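> What follows is my_file-v4.pdb, made up of PDB, C-alpha atoms:
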```pdb
ATOM      1  CA  MET A   1     106.356 -10.157 111.248
ATOM      2  CA  THR A   2     109.363  -8.909 109.317
ATOM      3  CA  LYS A   3     110.394 -10.870 106.276
ATOM      4  CA  GLU A   4     113.638 -12.837 106.560
ATOM      5  CA  TRP A   5     115.914 -11.396 103.886
ATOM      6  CA  LYS A   6     118.782 -13.237 102.274
ATOM      7  CA  ALA A   7     121.429 -12.378  99.707
ATOM      8  CA  GLY A   8     120.078 -12.636  96.188
ATOM      9  CA  ASP A   9     116.499 -11.676  97.061
ATOM     10  CA  ALA A  10     115.007  -9.460  94.360
ATOM     11  CA  LEU A  11     113.763  -5.957  95.121
ATOM     12  CA  GLU A  12     110.766  -5.451  92.867
ATOM     13  CA  PRO A  13     110.678  -2.495  90.439
ATOM     14  CA  ILE A  14     109.127   0.795  91.590
ATOM     15  CA  SER A  15     108.539   3.482  88.960
ATOM     16  CA  LEU A  16     107.836   7.196  88.848
ATOM     17  CA  GLU A  17     107.099   9.404  85.844
ATOM     18  CA  LEU A  18     109.590  12.230  85.443
ATOM     19  CA  THR A  19     107.165  14.896  84.285
ATOM     20  CA  LEU A  20     108.029  18.583  84.041
ATOM     21  CA  ARG A  21     105.648  19.155  86.961
ATOM     22  CA  ARG A  22     107.639  16.712  89.049
ATOM     23  CA  ALA A  23     110.840  18.551  88.122
ATOM     24  CA  ILE A  24     109.251  21.722  89.511
ATOM     25  CA  GLN A  25     108.124  19.841  92.631
ATOM     26  CA  ALA A  26     111.697  18.596  92.978
ATOM     27  CA  VAL A  27     113.126  22.123  92.809
ATOM     28  CA  ALA A  28     110.705  23.211  95.522
ATOM     29  CA  GLY A  29     110.958  20.024  97.555
ATOM     30  CA  THR A  30     114.750  19.888  97.626
ATOM     31  CA  ARG A  31     115.289  23.688  97.559
ATOM     32  CA  ASP A  32     117.851  23.249  94.806
ATOM     33  CA  TYR A  33     117.724  26.229  92.459
ATOM     34  CA  TYR A  34     120.731  25.267  90.380
ATOM     35  CA  PRO A  35     119.666  26.101  86.775
ATOM     36  CA  PHE A  36     120.340  22.571  85.430
ATOM     37  CA  HIS A  37     117.143  21.546  87.205
ATOM     38  CA  HIS A  38     114.802  24.251  85.896
ATOM     39  CA  ASP A  39     116.447  26.097  82.980
ATOM     40  CA  GLU A  40     116.325  24.169  79.704
ATOM     41  CA  GLN A  41     118.604  26.625  77.862
ATOM     42  CA  PHE A  42     121.235  26.645  80.614
ATOM     43  CA  ALA A  43     121.203  22.845  80.704
ATOM     44  CA  ARG A  44     121.731  22.568  76.943
ATOM     45  CA  GLU A  45     124.485  25.159  76.905
ATOM     46  CA  ASN A  46     126.336  23.217  79.596
ATOM     47  CA  GLY A  47     126.412  19.832  77.931
ATOM     48  CA  ALA A  48     123.119  18.303  79.077
ATOM     49  CA  GLU A  49     120.228  17.224  76.854
ATOM     50  CA  GLY A  50     117.771  19.267  78.916
ATOM     51  CA  ILE A  51     116.433  19.647  82.441
ATOM     52  CA  PHE A  52     117.416  16.719  84.633
ATOM     53  CA  PHE A  53     116.615  15.669  88.197
ATOM     54  CA  ASN A  54     119.000  16.433  91.040
ATOM     55  CA  THR A  55     120.741  14.146  93.506
ATOM     56  CA  MET A  56     118.426  14.893  96.419
ATOM     57  CA  PHE A  57     115.389  13.887  94.367
ATOM     58  CA  LEU A  58     117.032  10.560  93.558
ATOM     59  CA  GLN A  59     117.892  10.069  97.238
ATOM     60  CA  GLY A  60     114.268  10.777  98.168
ATOM     61  CA  PHE A  61     112.993   8.295  95.610
ATOM     62  CA  VAL A  62     115.343   5.588  96.851
ATOM     63  CA  GLY A  63     114.317   6.371 100.442
ATOM     64  CA  ARG A  64     110.720   5.735  99.452
ATOM     65  CA  ALA A  65     111.662   2.520  97.641
ATOM     66  CA  ALA A  66     113.713   1.248 100.584
ATOM     67  CA  ALA A  67     110.703   1.518 102.890
ATOM     68  CA  GLU A  68     108.446  -0.188 100.359
ATOM     69  CA  TRP A  69     110.943  -3.045 100.141
ATOM     70  CA  PHE A  70     112.052  -3.368 103.762
ATOM     71  CA  GLY A  71     109.148  -1.954 105.771
ATOM     72  CA  ASN A  72     107.824   1.417 106.844
ATOM     73  CA  ASP A  73     109.893   1.432 110.031
ATOM     74  CA  ALA A  74     113.114   0.093 108.529
ATOM     75  CA  PHE A  75     115.680   2.832 109.170
ATOM     76  CA  LEU A  76     117.969   3.785 106.305
ATOM     77  CA  ARG A  77     121.536   3.844 107.615
ATOM     78  CA  ARG A  78     123.638   4.450 104.531
ATOM     79  CA  LEU A  79     122.997   5.531 100.946
ATOM     80  CA  GLU A  80     125.721   5.671  98.323
ATOM     81  CA  ILE A  81     124.649   6.998  94.981
ATOM     82  CA  ALA A  82     126.750   7.252  91.813
ATOM     83  CA  MET A  83     125.359   9.199  88.855
ATOM     84  CA  HIS A  84     126.485   7.843  85.499
ATOM     85  CA  ALA A  85     123.892   9.496  83.282
ATOM     86  CA  SER A  86     121.199  12.102  83.725
ATOM     87  CA  ASN A  87     117.554  11.475  84.556
ATOM     88  CA  TYR A  88     115.743  13.735  82.094
ATOM     89  CA  VAL A  89     112.245  15.166  82.112
ATOM     90  CA  GLY A  90     109.936  13.058  79.958
ATOM     91  CA  ARG A  91     111.321   9.695  81.048
ATOM     92  CA  THR A  92     110.072   7.148  83.575
ATOM     93  CA  LEU A  93     112.410   6.409  86.461
ATOM     94  CA  THR A  94     112.526   2.847  87.787
ATOM     95  CA  ALA A  95     114.314   1.533  90.867
ATOM     96  CA  GLU A  96     115.060  -2.151  91.270
ATOM     97  CA  GLY A  97     117.697  -4.192  92.957
ATOM     98  CA  THR A  98     118.981  -7.182  94.831
ATOM     99  CA  VAL A  99     119.832  -7.923  98.440
ATOM    100  CA  ALA A 100     123.627  -8.114  98.638
ATOM    101  CA  ALA A 101     124.045  -9.279 102.236
ATOM    102  CA  THR A 102     122.448  -9.489 105.636
ATOM    103  CA  ARG A 103     124.529  -8.978 108.762
ATOM    104  CA  GLU A 104     124.466  -8.040 112.419
ATOM    105  CA  SER A 105     126.435  -5.165 113.906
ATOM    106  CA  ASN A 106     126.236  -4.144 117.581
ATOM    107  CA  GLY A 107     122.954  -6.025 117.861
ATOM    108  CA  CYS A 108     121.488  -4.259 114.803
ATOM    109  CA  LYS A 109     120.079  -6.340 111.961
ATOM    110  CA  LEU A 110     121.326  -4.784 108.743
ATOM    111  CA  VAL A 111     120.556  -5.486 105.108
ATOM    112  CA  ASP A 112     122.808  -4.276 102.283
ATOM    113  CA  ALA A 113     121.291  -3.908  98.839
ATOM    114  CA  ASP A 114     122.458  -2.982  95.367
ATOM    115  CA  VAL A 115     119.947  -0.866  93.502
ATOM    116  CA  THR A 116     119.907   0.522  89.982
ATOM    117  CA  LEU A 117     117.924   3.486  88.752
ATOM    118  CA  ALA A 118     117.110   3.393  85.068
ATOM    119  CA  THR A 119     115.096   5.325  82.505
ATOM    120  CA  GLU A 120     114.263   4.616  78.872
ATOM    121  CA  ASP A 121     117.861   5.732  78.203
ATOM    122  CA  GLY A 122     119.203   2.792  80.245
ATOM    123  CA  PRO A 123     120.745   2.609  83.716
ATOM    124  CA  THR A 124     121.551   6.085  85.058
ATOM    125  CA  THR A 125     122.451   5.615  88.697
ATOM    126  CA  SER A 126     124.094   2.909  90.847
ATOM    127  CA  ILE A 127     123.171   2.735  94.491
ATOM    128  CA  LYS A 128     124.402   0.824  97.499
ATOM    129  CA  LEU A 129     122.212   1.119 100.548
ATOM    130  CA  THR A 130     122.033  -0.272 104.050
ATOM    131  CA  VAL A 131     118.859  -0.454 106.116
ATOM    132  CA  GLN A 132     118.502  -1.362 109.751
ATOM    133  CA  LEU A 133     115.549  -3.683 110.232
ATOM    134  CA  PRO A 134     113.084  -3.004 113.052
ATOM    135  CA  VAL A 135     113.523  -4.772 116.354
ATOM    136  CA  SER A 136     110.307  -6.128 117.809
ATOM    137  CA  THR A 137     108.627  -3.770 120.256
ATOM    138  CA  THR A 138     106.196  -4.423 123.060
ATOM    139  CA  PRO A 139     104.040  -1.295 123.049
TER     140      PRO A 139
ATOM    141  CA  MET B   1     143.318  25.043  81.506
ATOM    142  CA  PRO B   2     142.074  24.835  85.096
ATOM    143  CA  VAL B   3     145.037  24.754  87.447
ATOM    144  CA  LEU B   4     145.018  24.011  91.158
ATOM    145  CA  THR B   5     146.868  26.534  93.287
ATOM    146  CA  ASP B   6     148.608  25.714  96.577
ATOM    147  CA  GLU B   7     145.916  27.760  98.281
ATOM    148  CA  GLN B   8     143.232  25.496  96.831
ATOM    149  CA  ARG B   9     145.167  22.349  97.774
ATOM    150  CA  ALA B  10     145.413  23.723 101.300
ATOM    151  CA  LEU B  11     141.601  23.654 101.580
ATOM    152  CA  ILE B  12     141.727  19.868 101.907
ATOM    153  CA  GLY B  13     140.813  18.750 105.416
ATOM    154  CA  GLN B  14     140.024  22.222 106.813
ATOM    155  CA  GLU B  15     136.859  21.890 108.922
ATOM    156  CA  SER B  16     134.559  24.917 108.794
ATOM    157  CA  ALA B  17     133.094  26.609 111.852
ATOM    158  CA  PRO B  18     129.692  25.179 112.845
ATOM    159  CA  ARG B  19     126.707  26.847 111.186
ATOM    160  CA  ASP B  20     123.035  26.651 112.121
ATOM    161  CA  LEU B  21     120.801  25.262 109.403
ATOM    162  CA  PRO B  22     118.228  27.759 108.097
ATOM    163  CA  GLN B  23     115.296  26.309 110.058
ATOM    164  CA  PRO B  24     114.384  23.467 112.412
ATOM    165  CA  ILE B  25     113.453  20.063 111.008
ATOM    166  CA  ASP B  26     110.014  20.773 109.634
ATOM    167  CA  ARG B  27     106.929  18.639 109.011
ATOM    168  CA  ILE B  28     105.572  20.772 106.141
ATOM    169  CA  MET B  29     108.846  20.591 104.231
ATOM    170  CA  ALA B  30     108.782  16.832 104.767
ATOM    171  CA  LEU B  31     105.240  16.692 103.343
ATOM    172  CA  ARG B  32     106.428  18.487 100.185
ATOM    173  CA  TRP B  33     109.324  16.041  99.965
ATOM    174  CA  CYS B  34     107.005  13.047 100.148
ATOM    175  CA  GLU B  35     104.636  14.630  97.621
ATOM    176  CA  MET B  36     107.608  14.957  95.238
ATOM    177  CA  VAL B  37     108.372  11.211  95.192
ATOM    178  CA  GLU B  38     104.877   9.934  96.158
ATOM    179  CA  ASP B  39     106.136   8.511  99.437
ATOM    180  CA  ALA B  40     103.168   7.386 101.555
ATOM    181  CA  ASN B  41     105.200   5.997 104.466
ATOM    182  CA  PRO B  42     103.167   6.656 107.661
ATOM    183  CA  ILE B  43     106.326   6.701 109.792
ATOM    184  CA  TYR B  44     106.790  10.331 108.754
ATOM    185  CA  PHE B  45     103.402  11.767 109.702
ATOM    186  CA  ASP B  46     101.176   9.246 111.505
ATOM    187  CA  GLU B  47     102.256   9.790 115.087
ATOM    188  CA  ALA B  48      99.890   7.115 116.478
ATOM    189  CA  TYR B  49     101.321   4.487 114.136
ATOM    190  CA  ALA B  50     104.902   5.651 114.606
ATOM    191  CA  ARG B  51     104.623   5.337 118.398
ATOM    192  CA  THR B  52     103.847   1.622 118.037
ATOM    193  CA  THR B  53     107.174   1.032 116.246
ATOM    194  CA  TRP B  54     110.703   0.720 117.565
ATOM    195  CA  LEU B  55     111.325   4.298 116.387
ATOM    196  CA  GLN B  56     108.856   5.458 119.087
ATOM    197  CA  GLY B  57     107.418   8.351 117.122
ATOM    198  CA  ALA B  58     107.397  10.082 113.763
ATOM    199  CA  ILE B  59     110.728  10.748 112.076
ATOM    200  CA  ALA B  60     111.638  13.038 109.182
ATOM    201  CA  PRO B  61     112.647  11.297 105.932
ATOM    202  CA  PRO B  62     116.341  10.435 106.450
ATOM    203  CA  THR B  63     117.202  11.295 102.843
ATOM    204  CA  MET B  64     116.259  14.949 103.465
ATOM    205  CA  LEU B  65     119.551  15.424 105.328
ATOM    206  CA  ASN B  66     121.191  17.592 102.683
ATOM    207  CA  THR B  67     118.001  19.491 101.893
ATOM    208  CA  TRP B  68     117.700  20.859 105.448
ATOM    209  CA  GLY B  69     120.895  22.809 104.860
ATOM    210  CA  MET B  70     119.986  24.383 101.518
ATOM    211  CA  THR B  71     120.547  28.120 101.693
ATOM    212  CA  PRO B  72     117.483  30.330 101.133
ATOM    213  CA  VAL B  73     117.674  32.245  97.844
ATOM    214  CA  TRP B  74     116.115  35.236  99.599
ATOM    215  CA  PRO B  75     117.239  37.112 101.541
ATOM    216  CA  GLU B  76     120.730  36.673 100.164
ATOM    217  CA  ALA B  77     123.116  34.839 102.448
ATOM    218  CA  ARG B  78     125.774  37.037 104.012
ATOM    219  CA  GLY B  79     129.266  36.253 105.023
ATOM    220  CA  GLU B  80     130.892  32.922 104.413
ATOM    221  CA  ARG B  81     129.612  30.343 102.006
ATOM    222  CA  PRO B  82     127.661  27.642 103.806
ATOM    223  CA  ARG B  83     130.018  24.951 102.526
ATOM    224  CA  PRO B  84     133.471  25.136 101.015
ATOM    225  CA  ARG B  85     133.318  25.249  97.267
ATOM    226  CA  LEU B  86     136.191  24.850  94.911
ATOM    227  CA  GLU B  87     136.350  27.723  92.447
ATOM    228  CA  LEU B  88     138.834  27.226  89.639
ATOM    229  CA  GLU B  89     139.609  29.690  86.923
ATOM    230  CA  GLY B  90     137.773  28.777  83.735
ATOM    231  CA  CYS B  91     135.532  26.197  85.451
ATOM    232  CA  THR B  92     132.114  27.748  84.975
ATOM    233  CA  THR B  93     129.953  24.720  85.698
ATOM    234  CA  THR B  94     129.644  22.159  88.471
ATOM    235  CA  ILE B  95     127.791  18.860  88.474
ATOM    236  CA  ALA B  96     127.343  16.191  91.149
ATOM    237  CA  THR B  97     128.663  12.725  90.401
ATOM    238  CA  ASN B  98     128.549  10.825  93.681
ATOM    239  CA  ALA B  99     126.947  11.162  97.108
ATOM    240  CA  VAL B 100     127.302   9.073 100.247
ATOM    241  CA  GLU B 101     125.045   9.737 103.209
ATOM    242  CA  GLU B 102     125.125   7.993 106.555
ATOM    243  CA  TYR B 103     122.312   8.308 109.047
ATOM    244  CA  PHE B 104     123.038   7.615 112.700
ATOM    245  CA  VAL B 105     120.149   9.147 114.650
ATOM    246  CA  PRO B 106     116.617   9.708 113.288
ATOM    247  CA  LEU B 107     115.691  13.371 112.862
ATOM    248  CA  ARG B 108     112.540  14.503 114.672
ATOM    249  CA  TYR B 109     110.388  17.511 113.800
ATOM    250  CA  GLY B 110     111.579  20.531 115.743
ATOM    251  CA  ASP B 111     115.181  19.326 115.997
ATOM    252  CA  THR B 112     117.703  22.112 115.432
ATOM    253  CA  ILE B 113     120.765  21.106 113.469
ATOM    254  CA  THR B 114     124.237  22.525 113.067
ATOM    255  CA  ALA B 115     126.665  21.512 110.357
ATOM    256  CA  THR B 116     130.388  21.639 109.739
ATOM    257  CA  SER B 117     132.054  20.943 106.402
ATOM    258  CA  HIS B 118     135.374  20.243 104.810
ATOM    259  CA  ILE B 119     136.780  19.320 101.419
ATOM    260  CA  SER B 120     138.242  15.824 101.689
ATOM    261  CA  GLU B 121     139.855  15.460  98.274
ATOM    262  CA  ILE B 122     140.554  17.218  94.971
ATOM    263  CA  SER B 123     141.453  15.225  91.847
ATOM    264  CA  ASP B 124     144.014  16.011  89.216
ATOM    265  CA  GLU B 125     142.657  17.469  85.993
ATOM    266  CA  LYS B 126     140.228  15.152  84.191
ATOM    267  CA  THR B 127     138.456  15.239  80.854
ATOM    268  CA  THR B 128     134.915  13.821  80.683
ATOM    269  CA  ARG B 129     132.172  13.972  78.075
ATOM    270  CA  LEU B 130     131.030  17.240  79.718
ATOM    271  CA  GLY B 131     134.296  19.114  79.812
ATOM    272  CA  VAL B 132     137.697  19.542  81.428
ATOM    273  CA  GLY B 133     138.050  20.094  85.166
ATOM    274  CA  HIS B 134     138.519  18.611  88.602
ATOM    275  CA  PHE B 135     136.499  16.278  90.818
ATOM    276  CA  TYR B 136     136.323  17.214  94.483
ATOM    277  CA  THR B 137     134.531  15.850  97.521
ATOM    278  CA  SER B 138     132.999  17.898 100.316
ATOM    279  CA  VAL B 139     131.875  16.304 103.561
ATOM    280  CA  ASP B 140     129.188  17.764 105.835
ATOM    281  CA  THR B 141     128.719  16.552 109.399
ATOM    282  CA  TYR B 142     125.375  17.280 111.047
ATOM    283  CA  ARG B 143     124.703  17.490 114.794
ATOM    284  CA  ASN B 144     121.399  17.868 116.639
ATOM    285  CA  GLN B 145     120.605  20.075 119.635
ATOM    286  CA  LEU B 146     121.938  17.337 121.943
ATOM    287  CA  GLY B 147     125.305  17.387 120.189
ATOM    288  CA  GLN B 148     124.773  13.933 118.659
ATOM    289  CA  VAL B 149     126.163  13.390 115.162
ATOM    290  CA  VAL B 150     122.929  12.571 113.319
ATOM    291  CA  GLY B 151     124.431  12.048 109.884
ATOM    292  CA  THR B 152     127.103  12.817 107.342
ATOM    293  CA  HIS B 153     126.850  13.804 103.713
ATOM    294  CA  SER B 154     129.760  13.358 101.353
ATOM    295  CA  PHE B 155     129.292  14.916  97.946
ATOM    296  CA  THR B 156     131.599  14.506  94.960
ATOM    297  CA  LEU B 157     131.331  17.197  92.312
ATOM    298  CA  PHE B 158     132.939  17.809  88.954
ATOM    299  CA  THR B 159     133.740  21.468  88.333
ATOM    300  CA  TYR B 160     134.613  22.041  84.719
ATOM    301  CA  ARG B 161     135.003  24.127  81.609
ATOM    302  CA  PRO B 162     132.357  22.782  79.190
ATOM    303  CA  HIS B 163     133.506  21.529  75.797
ATOM    304  CA  PRO B 164     132.653  24.098  73.125
ATOM    305  CA  THR B 165     129.099  23.387  71.876
ATOM    306  CA  GLY B 166     128.670  22.136  68.328
ATOM    307  CA  ASP B 167     131.879  20.090  68.309
ATOM    308  CA  GLY B 168     129.873  16.878  68.233
ATOM    309  CA  ALA B 169     130.616  16.065  71.884
TER     310      ALA B 169
END
```
The structure given in the file should be rewritten as structure tokens.

Amino acid sequence: MTKEWKAGDALEPISLELTLRRAIQAVAGTRDYYPFHHDEQFARENGAEGIFFNTMFLQGFVGRAAAEWFGNDAFLRRLEIAMHASNYVGRTLTAEGTVAATRESNGCKLVDADVTLATEDGPTTSIKLTVQLPVSTTP
Amino acid sequence: MPVLTDEQRALIGQESAPRDLPQPIDRIMALRWCEMVEDANPIYFDEAYARTTWLQGAIAPPTMLNTWGMTPVWPEARGERPRPRLELEGCTTTIATNAVEEYFVPLRYGDTITATSHISEISDEKTTRLGVGHFYTSVDTYRNQLGQVVGTHSFTLFTYRPHPTGDGA
């Protein structure tokens, strides 16, 4: 039975440690070899504090969180992600949010949510997402 | 100072020719992706479970959309760049600021995907804490082997000349 969501429902925090190993996994996992994400010296010389995580990693983390919140077979339909500050190695990344709206479109049950990613440095990333909730199946 | 030429302005809205992504949608790459963010969702790999759901089988993580198109670093890509990139004199560095992805059709392992791209907008010159440059947005549209649009990826980047280091910025 799928939970009935309503605007204002809280999306509980989910955290992940941003270790250097995970930064390396992220380079391999996203196939993003831009030096900001693996070269400390390059990052510093270009205005960053150090190695930080890329957009695709953040998208992957939010994809995981969305399924933990809305169900393993909820299908992510839209993900808007705005980076305000960098997510640096050595921090802990936490996703949490609130249901913004529930609606129906062409027979699809959709939930919109506002999610924030934060580290010890404060909020880094604002996210708006939409998931399509499962329809009941008769296997 | 970075200056936009008419040629660069003319890039806006020009759709690229379709290109094949480097490989089909792949289960092992998806496993590495899930390992990266500790995503234990069985919808991606447990076919028996996935068949009992409305999705009727395993799907690849939707958020991998952009990753499927990443160009291999070896052997070196030949010919055209995979996606239009704005190159401005003096702008040595580029950073992502905003991404919007829409997912229309679940990707299945073995799907073969083609992509087209265009630049949708280029800002006037801006100064941020990182440097001086321009924001621009590139949009990728992905189609599967059936010709269905499976998703779109809109990426806003800031290409800039970094502030000199040591100026307290």
> Find the residues near segment 24-31 of chain A: any atom within 7 Å, counting all atoms listed in the file, skip ones fewer than 4 places away on the same chain, and give them as a PyMOL selection string.
(chain A and resi 20+37+56-57) or (chain B and resi 32-33+36+67+70)
> Counting all atoms listed in the file, which residues of chain A come no farther than 6 Å from chain B, as a list of chain:residue names?
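Result, ordered by chain then number: A:Gln25, A:Ala26, A:Gly29, A:Thr30, A:Gly47, A:Gln59, A:Gly60, A:Phe61, A:Arg64, A:Asn72, A:Arg77, A:Arg78, A:Leu79, A:Glu80, A:Ile81, A:Ala82, A:Met83, A:Thr137, A:Pro139.
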> Tell me, as a short mmCIF file (atom, residue, chain, number, x, y, z; two decimals) with C-alpha atoms, in the frame of the given file, which residues lie within 10 Å of Gly110 of chain B, counting all atoms listed in the file; anything in the same chain fewer than 5 positions away does not count.

```
data_model
loop_
_atom_site.label_atom_id
_atom_site.label_comp_id
_atom_site.auth_asym_id
_atom_site.auth_seq_id
_atom_site.Cartn_x
_atom_site.Cartn_y
_atom_site.Cartn_z
CA GLN B 23 115.30 26.31 110.06
CA PRO B 24 114.38 23.47 112.41
CA ILE B 25 113.45 20.06 111.01
CA ASP B 26 110.01 20.77 109.63
CA ARG B 27 106.93 18.64 109.01
CA ALA B 60 111.64 13.04 109.18
CA GLN B 145 120.60 20.08 119.64
#
```
> Using all atoms listed in the file, which residues sit within 12 Å of Asp121 of chain A once same-chain residues fewer than 4 positions away are excluded, as a ChimeraX atom specification?
/A:49,84-94,117,125
> Can you write out the residues you just picked, keeping C-alpha atoms, as a PDB file, in the frame of the given file?

```pdb
ATOM      1  CA  GLU A  49     120.228  17.224  76.854  1.00  0.00           C
ATOM      2  CA  HIS A  84     126.485   7.843  85.499  1.00  0.00           C
ATOM      3  CA  ALA A  85     123.892   9.496  83.282  1.00  0.00           C
ATOM      4  CA  SER A  86     121.199  12.102  83.725  1.00  0.00           C
ATOM      5  CA  ASN A  87     117.554  11.475  84.556  1.00  0.00           C
ATOM      6  CA  TYR A  88     115.743  13.735  82.094  1.00  0.00           C
ATOM      7  CA  VAL A  89     112.245  15.166  82.112  1.00  0.00           C
ATOM      8  CA  GLY A  90     109.936  13.058  79.958  1.00  0.00           C
ATOM      9  CA  ARG A  91     111.321   9.695  81.048  1.00  0.00           C
ATOM     10  CA  THR A  92     110.072   7.148  83.575  1.00  0.00           C
ATOM     11  CA  LEU A  93     112.410   6.409  86.461  1.00  0.00           C
ATOM     12  CA  THR A  94     112.526   2.847  87.787  1.00  0.00           C
ATOM     13  CA  LEU A 117     117.924   3.486  88.752  1.00  0.00           C
ATOM     14  CA  THR A 125     122.451   5.615  88.697  1.00  0.00           C
TER      15      THR A 125
END
```
> Just say which residues the PyMOL selection byres ((chain A and resi 12) around 9) picks in this file, as a list of chain:residue names.
A:Ala10, A:Leu11, A:Pro13, A:Ile14, A:Trp69, A:Ala95, A:Glu96, A:Gly97, A:Thr98
> Find the spatial neighbours of Ala74 of chain A, counting only C-alpha atoms, within a cut-off of 8 Å - ignore same-chain residues fewer than 4 positions away - and output them as a ChimeraX atom specification.
/A:67,70,131-134
> Using atom CA of Tyr142 of chain B and atom CA of Phe158 of chain B as the two end points, give the distance in Å to one decimal.
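Between atom CA of Tyr142 of chain B and atom CA of Phe158 of chain B the gap is 23.4 Å.
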> Considering all atoms listed in the file, can you say which of B:Thr128, B:Asp140, B:Gly57, B:Leu88 comes closest to Gly13 of chain B?
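Residue with the minimum atom-to-atom distance to Gly13 of chain B: B:Asp140.
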